[in-house]
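Chemist: The structure under discussion is supplied below as structure tokens; questions concerning it will follow.
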Amino acid sequence: MRNREAALRKVDQIDSSLKKLISYLRRGDEQSFNDTLEDMNEQIDQLRTYIETERIDGYEMNPSAQ
């Protein structure tokens, strides 16, 4: 997978953002919660793009990349 490292970094960033969301929710920090949630949506969209544009080798199947 050509974008493997970039995809794994995005997953790590999303994981970190989830932890931030929990903290903001507990503190009642609505603005930071909303900002982080928006950032996470962007990260997920980028990750989706990496996966959808990835060439498939071997036995993997990715019908959206054809």
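The chains in the structure tokens are called A, B, ... from first to last as shown; in each chain the residues are counted from 1, and the ligands are counted from 1 in the order shown.
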May I have all residues of chain A that DSSP, computed from the backbone, assigns to alpha helix (DSSP H), given as an MDAnalysis selection string?
Modeler: chainID A and resid 4:27 30:53
Chemist: Based on the selection just made, write N, CA and C atoms of those residues as a short mmCIF file (atom, residue, chain, number, x, y, z; two decimals), in the first residue's frame.
Modeler:
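That gives us out24.cif:
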data_model
loop_
_atom_site.label_atom_id
_atom_site.label_comp_id
_atom_site.auth_asym_id
_atom_site.auth_seq_id
_atom_site.Cartn_x
_atom_site.Cartn_y
_atom_site.Cartn_z
N ARG A 4 0.35 3.73 2.90
CA ARG A 4 0.23 3.05 4.20
C ARG A 4 0.66 3.94 5.36
N GLU A 5 1.84 4.54 5.26
CA GLU A 5 2.34 5.37 6.37
C GLU A 5 1.45 6.57 6.61
N ALA A 6 1.00 7.21 5.54
CA ALA A 6 0.12 8.37 5.68
C ALA A 6 -1.21 7.96 6.30
N ALA A 7 -1.73 6.81 5.88
CA ALA A 7 -3.00 6.33 6.43
C ALA A 7 -2.85 5.99 7.92
N LEU A 8 -1.76 5.36 8.28
CA LEU A 8 -1.54 5.03 9.69
C LEU A 8 -1.37 6.28 10.54
N ARG A 9 -0.73 7.31 10.01
CA ARG A 9 -0.61 8.59 10.74
C ARG A 9 -1.99 9.20 10.96
N LYS A 10 -2.83 9.13 9.94
CA LYS A 10 -4.19 9.66 10.07
C LYS A 10 -4.97 8.90 11.14
N VAL A 11 -4.82 7.59 11.17
CA VAL A 11 -5.51 6.79 12.19
C VAL A 11 -5.02 7.20 13.57
N ASP A 12 -3.71 7.40 13.72
CA ASP A 12 -3.16 7.84 15.00
C ASP A 12 -3.70 9.22 15.40
N GLN A 13 -3.81 10.12 14.42
CA GLN A 13 -4.34 11.45 14.69
C GLN A 13 -5.81 11.37 15.12
N ILE A 14 -6.57 10.52 14.46
CA ILE A 14 -7.98 10.37 14.81
C ILE A 14 -8.10 9.79 16.21
N ASP A 15 -7.26 8.82 16.54
CA ASP A 15 -7.26 8.23 17.88
C ASP A 15 -6.97 9.30 18.93
N SER A 16 -5.98 10.12 18.67
CA SER A 16 -5.63 11.20 19.59
C SER A 16 -6.79 12.19 19.73
N SER A 17 -7.44 12.49 18.62
CA SER A 17 -8.56 13.42 18.64
C SER A 17 -9.73 12.87 19.44
N LEU A 18 -9.94 11.56 19.37
CA LEU A 18 -11.02 10.95 20.17
C LEU A 18 -10.76 11.16 21.66
N LYS A 19 -9.52 11.03 22.07
CA LYS A 19 -9.17 11.25 23.48
C LYS A 19 -9.41 12.72 23.87
N LYS A 20 -9.11 13.63 22.95
CA LYS A 20 -9.37 15.04 23.21
C LYS A 20 -10.86 15.30 23.36
N LEU A 21 -11.65 14.67 22.48
CA LEU A 21 -13.10 14.86 22.55
C LEU A 21 -13.65 14.45 23.91
N ILE A 22 -13.18 13.33 24.41
CA ILE A 22 -13.64 12.86 25.72
C ILE A 22 -13.31 13.90 26.79
N SER A 23 -12.10 14.44 26.74
CA SER A 23 -11.68 15.45 27.71
C SER A 23 -12.53 16.71 27.60
N TYR A 24 -12.76 17.18 26.38
CA TYR A 24 -13.57 18.39 26.18
C TYR A 24 -15.00 18.17 26.64
N LEU A 25 -15.53 16.98 26.39
CA LEU A 25 -16.89 16.66 26.79
C LEU A 25 -17.03 16.68 28.30
N ARG A 26 -16.06 16.10 28.99
CA ARG A 26 -16.09 16.08 30.46
C ARG A 26 -15.99 17.47 31.05
N ARG A 27 -15.22 18.35 30.40
CA ARG A 27 -15.05 19.71 30.91
C ARG A 27 -16.17 20.64 30.47
N GLU A 30 -17.53 23.16 24.84
CA GLU A 30 -18.26 22.91 23.60
C GLU A 30 -17.52 23.39 22.35
N GLN A 31 -16.87 24.55 22.42
CA GLN A 31 -16.18 25.09 21.25
C GLN A 31 -15.01 24.19 20.84
N SER A 32 -14.19 23.79 21.80
CA SER A 32 -13.06 22.90 21.48
C SER A 32 -13.57 21.55 20.99
N PHE A 33 -14.65 21.07 21.58
CA PHE A 33 -15.26 19.82 21.14
C PHE A 33 -15.66 19.91 19.68
N ASN A 34 -16.38 20.98 19.32
CA ASN A 34 -16.83 21.15 17.94
C ASN A 34 -15.66 21.32 16.97
N ASP A 35 -14.64 22.07 17.36
CA ASP A 35 -13.46 22.26 16.51
C ASP A 35 -12.75 20.94 16.26
N THR A 36 -12.59 20.15 17.32
CA THR A 36 -11.92 18.85 17.19
C THR A 36 -12.75 17.90 16.35
N LEU A 37 -14.05 17.92 16.52
CA LEU A 37 -14.93 17.06 15.74
C LEU A 37 -14.84 17.41 14.25
N GLU A 38 -14.80 18.68 13.94
CA GLU A 38 -14.66 19.12 12.54
C GLU A 38 -13.32 18.65 11.97
N ASP A 39 -12.26 18.77 12.76
CA ASP A 39 -10.93 18.32 12.33
C ASP A 39 -10.93 16.82 12.08
N MET A 40 -11.59 16.08 12.95
CA MET A 40 -11.66 14.63 12.77
C MET A 40 -12.40 14.26 11.49
N ASN A 41 -13.45 14.97 11.16
CA ASN A 41 -14.17 14.70 9.92
C ASN A 41 -13.27 14.93 8.71
N GLU A 42 -12.45 15.96 8.75
CA GLU A 42 -11.50 16.22 7.67
C GLU A 42 -10.47 15.10 7.57
N GLN A 43 -9.97 14.65 8.72
CA GLN A 43 -8.99 13.57 8.73
C GLN A 43 -9.59 12.27 8.17
N ILE A 44 -10.82 12.00 8.52
CA ILE A 44 -11.50 10.80 8.00
C ILE A 44 -11.69 10.91 6.50
N ASP A 45 -12.06 12.08 6.01
CA ASP A 45 -12.21 12.29 4.57
C ASP A 45 -10.88 12.07 3.85
N GLN A 46 -9.78 12.57 4.42
CA GLN A 46 -8.46 12.37 3.82
C GLN A 46 -8.09 10.89 3.81
N LEU A 47 -8.36 10.21 4.90
CA LEU A 47 -8.07 8.78 4.99
C LEU A 47 -8.90 8.01 3.96
N ARG A 48 -10.16 8.37 3.82
CA ARG A 48 -11.02 7.73 2.82
C ARG A 48 -10.45 7.92 1.42
N THR A 49 -9.96 9.12 1.14
CA THR A 49 -9.36 9.40 -0.17
C THR A 49 -8.12 8.55 -0.40
N TYR A 50 -7.26 8.44 0.62
CA TYR A 50 -6.07 7.58 0.50
C TYR A 50 -6.48 6.16 0.12
N ILE A 51 -7.48 5.64 0.79
CA ILE A 51 -7.88 4.25 0.57
C ILE A 51 -8.55 4.08 -0.80
N GLU A 52 -9.40 5.01 -1.17
CA GLU A 52 -10.12 4.89 -2.43
C GLU A 52 -9.22 5.03 -3.65
N THR A 53 -8.13 5.79 -3.53
CA THR A 53 -7.25 5.99 -4.68
C THR A 53 -6.08 5.01 -4.71
#
